[in-house]
>>> print(open('model_8.cif').read())   # mmCIF, C-alpha atoms
data_coords
loop_
_atom_site.label_atom_id
_atom_site.label_comp_id
_atom_site.auth_asym_id
_atom_site.auth_seq_id
_atom_site.Cartn_x
_atom_site.Cartn_y
_atom_site.Cartn_z
CA THR A 1 152.43 3.81 -196.06
CA HIS A 2 150.73 6.65 -194.24
CA TRP A 3 147.06 7.53 -194.56
CA GLN A 4 145.02 10.18 -192.86
CA VAL A 5 141.34 11.10 -192.88
CA ASN A 6 140.82 14.47 -191.26
CA GLU A 7 137.05 14.46 -191.33
CA LEU A 8 134.37 11.98 -192.32
CA LEU A 9 130.79 13.24 -192.46
CA LEU A 10 127.93 10.73 -192.23
CA ASN A 11 124.55 11.85 -193.48
CA ASN A 12 122.02 9.31 -194.73
CA GLU A 13 118.58 8.02 -193.78
CA THR A 14 119.77 5.91 -190.82
CA LEU A 15 123.11 7.35 -189.64
CA GLN A 16 124.17 10.95 -189.20
CA GLY A 17 127.06 12.66 -187.44
CA GLU A 18 130.70 13.62 -187.70
CA VAL A 19 133.66 11.23 -187.39
CA ARG A 20 137.32 12.26 -187.51
CA ILE A 21 139.95 9.55 -188.12
CA LYS A 22 143.75 9.67 -188.15
CA GLY A 23 146.06 6.72 -188.47
CA ASP A 24 148.93 4.80 -190.03
CA TYR A 25 148.87 1.68 -192.11
CA ALA A 26 151.97 -0.43 -192.85
CA GLY A 27 152.56 -2.74 -195.78
CA ASP A 28 152.42 -5.83 -193.54
CA GLY A 29 148.84 -4.99 -192.51
CA THR A 30 149.70 -3.38 -189.16
CA MET A 31 147.68 -0.29 -188.39
CA LYS A 32 147.06 2.26 -185.68
CA ALA A 33 143.99 4.45 -185.87
CA ASN A 34 142.50 7.12 -183.64
CA ALA A 35 138.91 8.17 -184.14
CA ASP A 36 136.62 10.57 -182.35
CA TRP A 37 133.03 11.40 -183.13
CA SER A 38 130.34 13.90 -182.26
CA GLY A 39 126.63 14.15 -182.84
CA LEU A 40 126.12 10.57 -184.03
CA ALA A 41 122.47 9.57 -184.50
CA TRP A 42 121.31 6.14 -185.66
CA ALA A 43 117.60 5.76 -186.46
CA LEU A 44 116.65 2.31 -185.13
CA SER A 45 113.00 2.87 -186.04
CA GLU A 46 110.58 5.71 -186.62
CA GLN A 47 110.16 6.07 -182.84
CA GLN A 48 113.61 5.08 -181.59
CA THR A 49 116.93 6.83 -182.21
CA LEU A 50 120.28 5.86 -180.68
CA ARG A 51 122.54 8.88 -180.16
CA SER A 52 126.15 9.38 -179.13
CA PRO A 53 127.01 13.03 -178.41
CA GLY A 54 130.71 12.18 -178.42
CA GLY A 55 133.35 9.51 -177.96
CA GLN A 56 136.78 8.18 -178.87
CA LEU A 57 138.21 4.93 -180.26
CA VAL A 58 141.82 3.73 -180.50
CA LEU A 59 142.49 0.65 -182.65
CA GLU A 60 145.90 -0.92 -183.31
CA GLY A 61 147.34 -4.17 -184.62
CA ARG A 62 146.38 -6.38 -187.53
CA ALA A 63 143.03 -7.81 -188.60
CA ASP A 64 144.08 -11.17 -187.15
CA ASP A 65 145.44 -9.65 -183.91
CA TYR A 66 144.13 -6.24 -182.85
CA ARG A 67 143.54 -4.30 -179.65
CA PHE A 68 141.09 -1.51 -178.95
CA ASN A 69 139.83 0.86 -176.30
CA ALA A 70 136.89 3.24 -176.50
CA ASN A 71 134.86 5.62 -174.39
CA GLY A 72 131.83 7.79 -174.97
CA MET A 73 128.19 8.45 -174.19
CA LEU A 74 125.01 6.80 -175.47
CA GLU A 75 121.49 8.17 -175.39
CA SER A 76 118.23 6.73 -176.66
CA THR A 77 114.65 7.89 -176.67
CA GLY A 78 113.06 7.09 -173.32
CA TYR A 79 116.25 5.80 -171.65
CA PRO A 80 118.79 7.45 -169.32
CA ALA A 81 122.12 8.59 -170.78
CA LEU A 82 124.93 6.06 -170.40
CA THR A 83 128.66 6.77 -170.32
CA PHE A 84 130.82 3.79 -171.27
CA THR A 85 134.40 2.58 -171.52
CA ALA A 86 135.56 -0.57 -173.31
CA GLU A 87 138.88 -2.38 -173.72
CA GLY A 88 139.61 -5.58 -175.54
CA ALA A 89 141.32 -7.52 -178.30
CA GLY A 90 140.27 -9.67 -181.19
CA ASN A 91 140.96 -11.37 -184.49
CA THR A 92 138.97 -12.55 -187.49
CA GLN A 93 137.22 -15.23 -185.41
CA GLN A 94 136.42 -13.68 -182.04
CA VAL A 95 136.59 -10.63 -179.80
CA THR A 96 137.54 -10.58 -176.11
CA LEU A 97 136.28 -7.82 -173.85
CA SER A 98 138.69 -7.36 -170.95
CA ARG A 99 136.53 -4.53 -169.61
CA LEU A 100 133.17 -3.04 -170.51
CA GLN A 101 131.82 -0.52 -168.01
CA GLY A 102 128.75 1.70 -168.06
CA ASP A 103 127.36 4.34 -165.70
CA SER A 104 123.97 6.05 -165.71
CA ALA A 105 121.53 7.70 -163.32
CA GLN A 106 119.75 4.32 -162.97
CA GLY A 107 122.83 2.30 -161.97
CA SER A 108 126.15 1.02 -163.27
CA PHE A 109 127.73 -2.20 -164.52
CA LYS A 110 131.13 -3.77 -165.08
CA SER A 111 131.55 -6.75 -167.38
CA SER A 112 133.98 -8.86 -169.37
CA GLY A 113 133.68 -11.78 -171.75
CA GLU A 114 134.27 -13.35 -175.13
CA PHE A 115 132.20 -13.54 -178.31
CA ALA A 116 133.14 -15.82 -181.23
CA TRP A 117 131.44 -16.21 -184.61
CA THR A 118 133.77 -18.68 -186.35
CA PRO A 119 133.58 -21.63 -186.75
CA ALA A 120 130.28 -21.30 -184.81
CA LEU A 121 128.58 -18.74 -182.60
CA LYS A 122 129.86 -18.93 -179.00
CA TRP A 123 129.85 -16.54 -176.03
CA ARG A 124 130.83 -16.13 -172.38
CA LEU A 125 129.99 -13.05 -170.31
CA GLN A 126 130.31 -12.00 -166.66
CA ALA A 127 128.77 -8.80 -165.30
CA ALA A 128 128.27 -7.04 -161.98
CA VAL A 129 125.37 -4.58 -161.74
CA ASP A 130 125.38 -1.99 -158.96
CA ALA A 131 122.67 0.34 -157.60
CA PHE A 132 120.14 -0.48 -160.31
CA ASP A 133 116.77 1.28 -159.90
CA PRO A 134 113.95 -0.71 -161.62
CA ALA A 135 111.56 2.25 -161.25
CA PHE A 136 112.70 3.66 -164.58
CA PHE A 137 111.18 0.63 -166.34
CA ALA A 138 108.52 -0.23 -163.72
CA PRO A 139 107.39 2.86 -161.77
CA ASP A 140 105.68 0.76 -159.08
CA TRP A 141 109.01 -0.96 -158.24
CA PRO A 142 111.46 1.70 -157.01
CA GLY A 143 114.63 0.38 -155.42
CA ASN A 144 118.36 -0.01 -155.35
CA VAL A 145 119.46 -3.51 -156.39
CA SER A 146 122.89 -5.03 -157.06
CA PHE A 147 123.63 -8.48 -158.49
CA ARG A 148 126.11 -10.60 -160.45
CA LEU A 149 125.26 -12.23 -163.77
CA ASP A 150 127.08 -14.73 -165.96
CA THR A 151 126.07 -16.49 -169.14
CA ASP A 152 127.68 -18.77 -171.68
CA GLY A 153 126.47 -20.68 -174.69
CA HIS A 154 126.97 -21.77 -178.26
CA GLN A 155 125.19 -22.60 -181.49
CA THR A 156 124.10 -26.20 -182.01
CA GLU A 157 122.20 -28.02 -184.74
CA LYS A 158 119.06 -27.70 -182.58
CA GLY A 159 119.53 -23.97 -181.93
CA LEU A 160 121.22 -21.86 -179.28
CA GLN A 161 122.24 -23.71 -176.11
CA GLY A 162 123.48 -22.01 -172.97
CA ALA A 163 123.08 -21.08 -169.34
CA LEU A 164 122.27 -17.97 -167.33
CA ASN A 165 123.03 -17.45 -163.63
CA VAL A 166 122.05 -14.52 -161.42
CA ALA A 167 123.67 -14.46 -157.97
CA ASP A 168 124.29 -12.22 -154.96
CA VAL A 169 121.08 -10.24 -155.41
CA GLU A 170 120.91 -7.67 -152.63
CA GLY A 171 119.47 -4.23 -151.95
CA SER A 172 115.92 -2.93 -151.62
CA LEU A 173 112.65 -2.91 -153.56
CA ARG A 174 109.63 -0.83 -152.60
CA GLY A 175 111.32 -0.01 -149.30
CA GLN A 176 112.01 -3.64 -148.36
CA ALA A 177 115.21 -5.65 -148.26
CA VAL A 178 115.60 -8.02 -151.21
CA SER A 179 117.96 -10.95 -151.84
CA GLY A 180 118.06 -13.97 -154.09
CA LYS A 181 119.58 -16.02 -156.88
CA ALA A 182 118.46 -17.86 -160.01
CA SER A 183 119.91 -20.36 -162.48
CA ALA A 184 118.52 -21.41 -165.84
CA SER A 185 119.60 -23.18 -169.01
CA PHE A 186 118.12 -23.07 -172.50
CA LEU A 187 118.11 -24.99 -175.75
CA ASP A 188 116.40 -23.36 -178.70
CA ASP A 189 112.99 -22.21 -177.36
CA THR A 190 112.99 -24.31 -174.16
CA VAL A 191 114.12 -22.70 -170.89
CA THR A 192 114.77 -24.86 -167.81
CA VAL A 193 114.89 -23.16 -164.40
CA SER A 194 116.92 -25.28 -161.99
CA GLN A 195 116.63 -22.92 -159.04
CA SER A 196 115.10 -19.54 -158.38
CA GLN A 197 114.93 -18.20 -154.83
CA PHE A 198 114.06 -14.64 -153.84
CA VAL A 199 113.25 -12.93 -150.56
CA MET A 200 111.58 -9.53 -150.36
CA GLY A 201 110.83 -8.33 -146.86
CA ALA A 202 108.86 -11.13 -145.18
CA ALA A 203 107.88 -12.71 -148.52
CA GLN A 204 109.67 -15.72 -150.01
CA LEU A 205 109.44 -17.11 -153.56
CA SER A 206 111.03 -20.16 -155.14
CA ALA A 207 110.45 -21.72 -158.54
CA SER A 208 111.78 -24.46 -160.82
CA GLY A 209 110.67 -26.23 -163.97
CA SER A 210 110.64 -25.58 -167.71
CA VAL A 211 109.04 -23.19 -170.14
CA SER A 212 108.53 -23.84 -173.86
CA ASN A 213 105.31 -24.09 -175.85
CA ALA A 214 103.81 -25.45 -172.63
CA TRP A 215 104.64 -24.37 -169.09
CA ASN A 216 105.74 -26.92 -166.49
CA MET A 217 106.71 -24.83 -163.47
CA GLN A 218 106.57 -25.53 -159.73
CA TRP A 219 106.10 -22.50 -157.47
CA SER A 220 106.37 -21.91 -153.75
CA VAL A 221 105.18 -18.57 -152.34
CA ASN A 222 105.02 -17.43 -148.74
CA ALA A 223 103.73 -13.85 -148.57
CA PRO A 224 102.15 -12.80 -145.25
CA ASP A 225 101.25 -9.36 -146.65
CA LEU A 226 100.66 -9.16 -150.41
CA ALA A 227 100.17 -5.39 -150.20
CA ARG A 228 103.88 -5.00 -149.36
CA LEU A 229 104.90 -7.42 -152.12
CA LEU A 230 102.72 -6.34 -155.07
CA PRO A 231 101.23 -2.95 -155.98
CA ASN A 232 97.42 -2.81 -155.61
CA ALA A 233 97.29 -6.24 -153.94
CA GLY A 234 95.98 -7.39 -150.59
CA GLY A 235 95.71 -10.51 -148.41
CA SER A 236 98.32 -13.22 -147.93
CA LEU A 237 99.67 -16.37 -149.55
#
>>> encode(input="model_8.cif", output="structure tokens")
Amino acid sequence: THWQVNELLLNNETLQGEVRIKGDYAGDGTMKANADWSGLAWALSEQQTLRSPGGQLVLEGRADDYRFNANGMLESTGYPALTFTAEGAGNTQQVTLSRLQGDSAQGSFKSSGEFAWTPALKWRLQAAVDAFDPAFFAPDWPGNVSFRLDTDGHQTEKGLQGALNVADVEGSLRGQAVSGKASASFLDDTVTVSQSQFVMGAAQLSASGSVSNAWNMQWSVNAPDLARLLPNAGGSL
């Protein structure tokens, strides 16, 4: 069996754009499809629209064993444009990302991981962020920061349970060298910080404890010159 869609036009209240799809479908459920799009716009809210000027997707296999790769560009109101590539495989229970990479004017990332939804929600993700400039989101904090991040977790009867680790933080913030690491775990709405250590110039910060409806955190701060650590601050700690 051979099917072909030369052009698919999307035009409704939330999604607009042009998608062109070509492919083959066999009687045993095996398929191979090639799609490319242009001018996609998805209205997330009255103020926010996610756009993709163009991109491509290749999908092949069966619903219970498929592979895919994609590339394109994403834009959103108030955020820098992002070019992306993705490769992976999946089935009716989970998807595995062998590579997800993004590049923008504010930095880049490379990641991989797994996301499952049957029989229960479960995830594992590793990412490396390079040359990230926080000034786009916080103008008083210009810099160039790189770090590694990994997280894993699953659904339990009490809610989501998982862990988040940030390591190998290095680079600069507000013209000062920065380094650090942090580890935390969570269960439902309770977050437990096991270790959090950051150095920025001559300042040092460490923290541990838990956060839920009530805070129970222990802090240690050594900041000889608060003006170099925080905008519009002065003195020392």
>>> resolve_selection(input="model_8.cif", expression="the PyMOL selection byres ((chain A and resi 89-104) around 9)", output="VMD selection string")
chain A and resid 62 to 69 80 to 88 105 to 119 122 125 127
>>> atom_distance(input="model_8.cif", atom1="CA of Met31 (chain A)", atom2="CA of Trp123 (chain A)")
27.1 Å
>>> atom_distance(input="model_8.cif", atom1="CA of Ala33 (chain A)", atom2="CA of Ala70 (chain A)")
11.8 Å
>>> closest_residue(input="model_8.cif", among="A:Asp28, A:Gln16, A:Asp225, A:Pro134", to="Trp42 (chain A)", atoms="only C-alpha atoms")
A:Gln16
>>> resolve_selection(input="model_8.cif", expression="the PyMOL selection byres ((chain A and resi 205) around 8)", output="PyMOL selection string")
chain A and resi 196-199+203-204+206-207+219-222
>>> write_last_selection(input="model_8.cif", atoms="C-alpha atoms", output="compact mmCIF listing (two decimals), keeping the file's coordinate frame")
# COMPACT_ATOMS: atom_id res chain seq x y z
CA SER A 196 115.10 -19.54 -158.38
CA GLN A 197 114.93 -18.20 -154.83
CA PHE A 198 114.06 -14.64 -153.84
CA VAL A 199 113.25 -12.93 -150.56
CA ALA A 203 107.88 -12.71 -148.52
CA GLN A 204 109.67 -15.72 -150.01
CA SER A 206 111.03 -20.16 -155.14
CA ALA A 207 110.45 -21.72 -158.54
CA TRP A 219 106.10 -22.50 -157.47
CA SER A 220 106.37 -21.91 -153.75
CA VAL A 221 105.18 -18.57 -152.34
CA ASN A 222 105.02 -17.43 -148.74
>>> atom_distance(input="model_8.cif", atom1="CA of Ala227 (chain A)", atom2="CA of Arg148 (chain A)")
28.4 Å
>>> resolve_selection(input="model_8.cif", expression="the PyMOL selection byres ((chain A and resi 158) around 8)", output="ChimeraX atom specification")
/A:156-157,159-160,187-188
>>> residues_near_point(input="model_8.cif", point="(134.1, 10.8, -187.2)", cutoff="6 Å", atoms="all atoms listed in the file", output="list of chain:residue names")
A:Leu8, A:Glu18, A:Val19, A:Arg20, A:Asp36, A:Trp37
>>> residues_around(input="model_8.cif", residues="Gly54 (chain A)", least_positions_apart="3", cutoff="8 Å", atoms="all atoms listed in the file", output="short mmCIF file (atom, residue, chain, number, x, y, z; two decimals) with C-alpha atoms, in the frame of the given file")
data_model
loop_
_atom_site.label_atom_id
_atom_site.label_comp_id
_atom_site.auth_asym_id
_atom_site.auth_seq_id
_atom_site.Cartn_x
_atom_site.Cartn_y
_atom_site.Cartn_z
CA ASP A 36 136.62 10.57 -182.35
CA TRP A 37 133.03 11.40 -183.13
CA SER A 38 130.34 13.90 -182.26
CA GLY A 39 126.63 14.15 -182.84
CA LEU A 40 126.12 10.57 -184.03
CA GLY A 72 131.83 7.79 -174.97
CA MET A 73 128.19 8.45 -174.19
#
>>> residues_near_point(input="model_8.cif", point="(119.4, 2.4, -186.7)", cutoff="12 Å", atoms="only C-alpha atoms", output="PyMOL selection string")
chain A and resi 12-16+40-51+76
>>> closest_residue(input="model_8.cif", among="A:Gly175, A:Gly23, A:Gly209, A:Gly78", to="Leu229 (chain A)", atoms="all atoms listed in the file")
A:Gly175
>>> closest_residue(input="model_8.cif", among="A:Pro53, A:Ser185, A:Leu59, A:Ala214", to="Lys22 (chain A)", atoms="only C-alpha atoms")
A:Leu59
>>> closest_residue(input="model_8.cif", among="A:Phe147, A:Val129, A:Gln155, A:Ala163", to="Lys181 (chain A)", atoms="only C-alpha atoms")
A:Phe147
>>> residues_around(input="model_8.cif", residues="Thr30 (chain A)", least_positions_apart="2", cutoff="8 Å", atoms="all atoms listed in the file", output="number ranges by chain")
A: 25-28, 32, 60-62
>>> build_atoms(input="model_8.cif", residues="region 104-115 of chain A", atoms="all heavy atoms", output="PDB file, keeping the file's coordinate frame")
ATOM      1  N   SER A 104     125.115   5.193-165.406  1.00  0.00           N
ATOM      2  CA  SER A 104     123.970   6.050-165.710  1.00  0.00           C
ATOM      3  C   SER A 104     123.291   6.427-164.403  1.00  0.00           C
ATOM      4  O   SER A 104     123.651   5.943-163.318  1.00  0.00           O
ATOM      5  CB  SER A 104     122.969   5.329-166.622  1.00  0.00           C
ATOM      6  OG  SER A 104     122.185   4.399-165.889  1.00  0.00           O
ATOM      7  N   ALA A 105     122.269   7.275-164.505  1.00  0.00           N
ATOM      8  CA  ALA A 105     121.530   7.700-163.320  1.00  0.00           C
ATOM      9  C   ALA A 105     120.741   6.547-162.705  1.00  0.00           C
ATOM     10  O   ALA A 105     120.332   6.622-161.540  1.00  0.00           O
ATOM     11  CB  ALA A 105     120.583   8.848-163.678  1.00  0.00           C
ATOM     12  N   GLN A 106     120.533   5.463-163.454  1.00  0.00           N
ATOM     13  CA  GLN A 106     119.750   4.320-162.970  1.00  0.00           C
ATOM     14  C   GLN A 106     120.623   3.165-162.493  1.00  0.00           C
ATOM     15  O   GLN A 106     120.100   2.100-162.175  1.00  0.00           O
ATOM     16  CB  GLN A 106     118.803   3.822-164.066  1.00  0.00           C
ATOM     17  CG  GLN A 106     117.877   4.897-164.626  1.00  0.00           C
ATOM     18  CD  GLN A 106     117.028   5.544-163.563  1.00  0.00           C
ATOM     19  OE1 GLN A 106     117.036   6.751-163.402  1.00  0.00           O
ATOM     20  NE2 GLN A 106     116.301   4.745-162.812  1.00  0.00           N
ATOM     21  N   GLY A 107     121.946   3.357-162.427  1.00  0.00           N
ATOM     22  CA  GLY A 107     122.830   2.300-161.970  1.00  0.00           C
ATOM     23  C   GLY A 107     124.067   2.188-162.843  1.00  0.00           C
ATOM     24  O   GLY A 107     124.262   2.963-163.789  1.00  0.00           O
ATOM     25  N   SER A 108     124.915   1.220-162.522  1.00  0.00           N
ATOM     26  CA  SER A 108     126.150   1.020-163.270  1.00  0.00           C
ATOM     27  C   SER A 108     126.439  -0.464-163.416  1.00  0.00           C
ATOM     28  O   SER A 108     125.856  -1.299-162.711  1.00  0.00           O
ATOM     29  CB  SER A 108     127.323   1.705-162.557  1.00  0.00           C
ATOM     30  OG  SER A 108     127.543   1.128-161.283  1.00  0.00           O
ATOM     31  N   PHE A 109     127.340  -0.805-164.341  1.00  0.00           N
ATOM     32  CA  PHE A 109     127.730  -2.200-164.520  1.00  0.00           C
ATOM     33  C   PHE A 109     129.185  -2.280-164.946  1.00  0.00           C
ATOM     34  O   PHE A 109     129.738  -1.355-165.545  1.00  0.00           O
ATOM     35  CB  PHE A 109     126.831  -2.895-165.552  1.00  0.00           C
ATOM     36  CG  PHE A 109     127.070  -2.440-166.970  1.00  0.00           C
ATOM     37  CD1 PHE A 109     128.042  -3.043-167.767  1.00  0.00           C
ATOM     38  CD2 PHE A 109     126.327  -1.405-167.513  1.00  0.00           C
ATOM     39  CE1 PHE A 109     128.266  -2.620-169.061  1.00  0.00           C
ATOM     40  CE2 PHE A 109     126.547  -0.971-168.815  1.00  0.00           C
ATOM     41  CZ  PHE A 109     127.514  -1.587-169.584  1.00  0.00           C
ATOM     42  N   LYS A 110     129.795  -3.416-164.624  1.00  0.00           N
ATOM     43  CA  LYS A 110     131.130  -3.770-165.080  1.00  0.00           C
ATOM     44  C   LYS A 110     131.057  -5.186-165.625  1.00  0.00           C
ATOM     45  O   LYS A 110     130.467  -6.058-164.991  1.00  0.00           O
ATOM     46  CB  LYS A 110     132.151  -3.691-163.952  1.00  0.00           C
ATOM     47  CG  LYS A 110     132.367  -2.299-163.382  1.00  0.00           C
ATOM     48  CD  LYS A 110     133.392  -2.321-162.262  1.00  0.00           C
ATOM     49  CE  LYS A 110     133.608  -0.934-161.687  1.00  0.00           C
ATOM     50  NZ  LYS A 110     134.604  -0.939-160.574  1.00  0.00           N
ATOM     51  N   SER A 111     131.654  -5.423-166.780  1.00  0.00           N
ATOM     52  CA  SER A 111     131.550  -6.750-167.380  1.00  0.00           C
ATOM     53  C   SER A 111     132.798  -7.082-168.180  1.00  0.00           C
ATOM     54  O   SER A 111     133.615  -6.214-168.506  1.00  0.00           O
ATOM     55  CB  SER A 111     130.313  -6.826-168.292  1.00  0.00           C
ATOM     56  OG  SER A 111     130.427  -5.909-169.359  1.00  0.00           O
ATOM     57  N   SER A 112     132.916  -8.364-168.515  1.00  0.00           N
ATOM     58  CA  SER A 112     133.980  -8.860-169.370  1.00  0.00           C
ATOM     59  C   SER A 112     133.485 -10.136-170.022  1.00  0.00           C
ATOM     60  O   SER A 112     132.512 -10.750-169.558  1.00  0.00           O
ATOM     61  CB  SER A 112     135.267  -9.133-168.566  1.00  0.00           C
ATOM     62  OG  SER A 112     135.028 -10.133-167.580  1.00  0.00           O
ATOM     63  N   GLY A 113     134.136 -10.557-171.098  1.00  0.00           N
ATOM     64  CA  GLY A 113     133.680 -11.780-171.750  1.00  0.00           C
ATOM     65  C   GLY A 113     134.302 -11.990-173.109  1.00  0.00           C
ATOM     66  O   GLY A 113     135.204 -11.258-173.530  1.00  0.00           O
ATOM     67  N   GLU A 114     133.784 -12.995-173.802  1.00  0.00           N
ATOM     68  CA  GLU A 114     134.270 -13.350-175.130  1.00  0.00           C
ATOM     69  C   GLU A 114     133.076 -13.633-176.032  1.00  0.00           C
ATOM     70  O   GLU A 114     132.041 -14.135-175.584  1.00  0.00           O
ATOM     71  CB  GLU A 114     135.155 -14.602-175.065  1.00  0.00           C
ATOM     72  CG  GLU A 114     136.404 -14.437-174.217  1.00  0.00           C
ATOM     73  CD  GLU A 114     137.190 -15.730-174.099  1.00  0.00           C
ATOM     74  OE1 GLU A 114     136.681 -16.770-174.592  1.00  0.00           O
ATOM     75  OE2 GLU A 114     138.283 -15.710-173.532  1.00  0.00           O
ATOM     76  N   PHE A 115     133.236 -13.280-177.316  1.00  0.00           N
ATOM     77  CA  PHE A 115     132.200 -13.540-178.310  1.00  0.00           C
ATOM     78  C   PHE A 115     132.875 -14.026-179.578  1.00  0.00           C
ATOM     79  O   PHE A 115     133.728 -13.326-180.138  1.00  0.00           O
ATOM     80  CB  PHE A 115     131.393 -12.270-178.588  1.00  0.00           C
ATOM     81  CG  PHE A 115     130.261 -12.471-179.549  1.00  0.00           C
ATOM     82  CD1 PHE A 115     129.049 -12.973-179.120  1.00  0.00           C
ATOM     83  CD2 PHE A 115     130.413 -12.139-180.886  1.00  0.00           C
ATOM     84  CE1 PHE A 115     128.002 -13.156-180.012  1.00  0.00           C
ATOM     85  CE2 PHE A 115     129.377 -12.324-181.785  1.00  0.00           C
ATOM     86  CZ  PHE A 115     128.165 -12.834-181.340  1.00  0.00           C
TER      87      PHE A 115
END
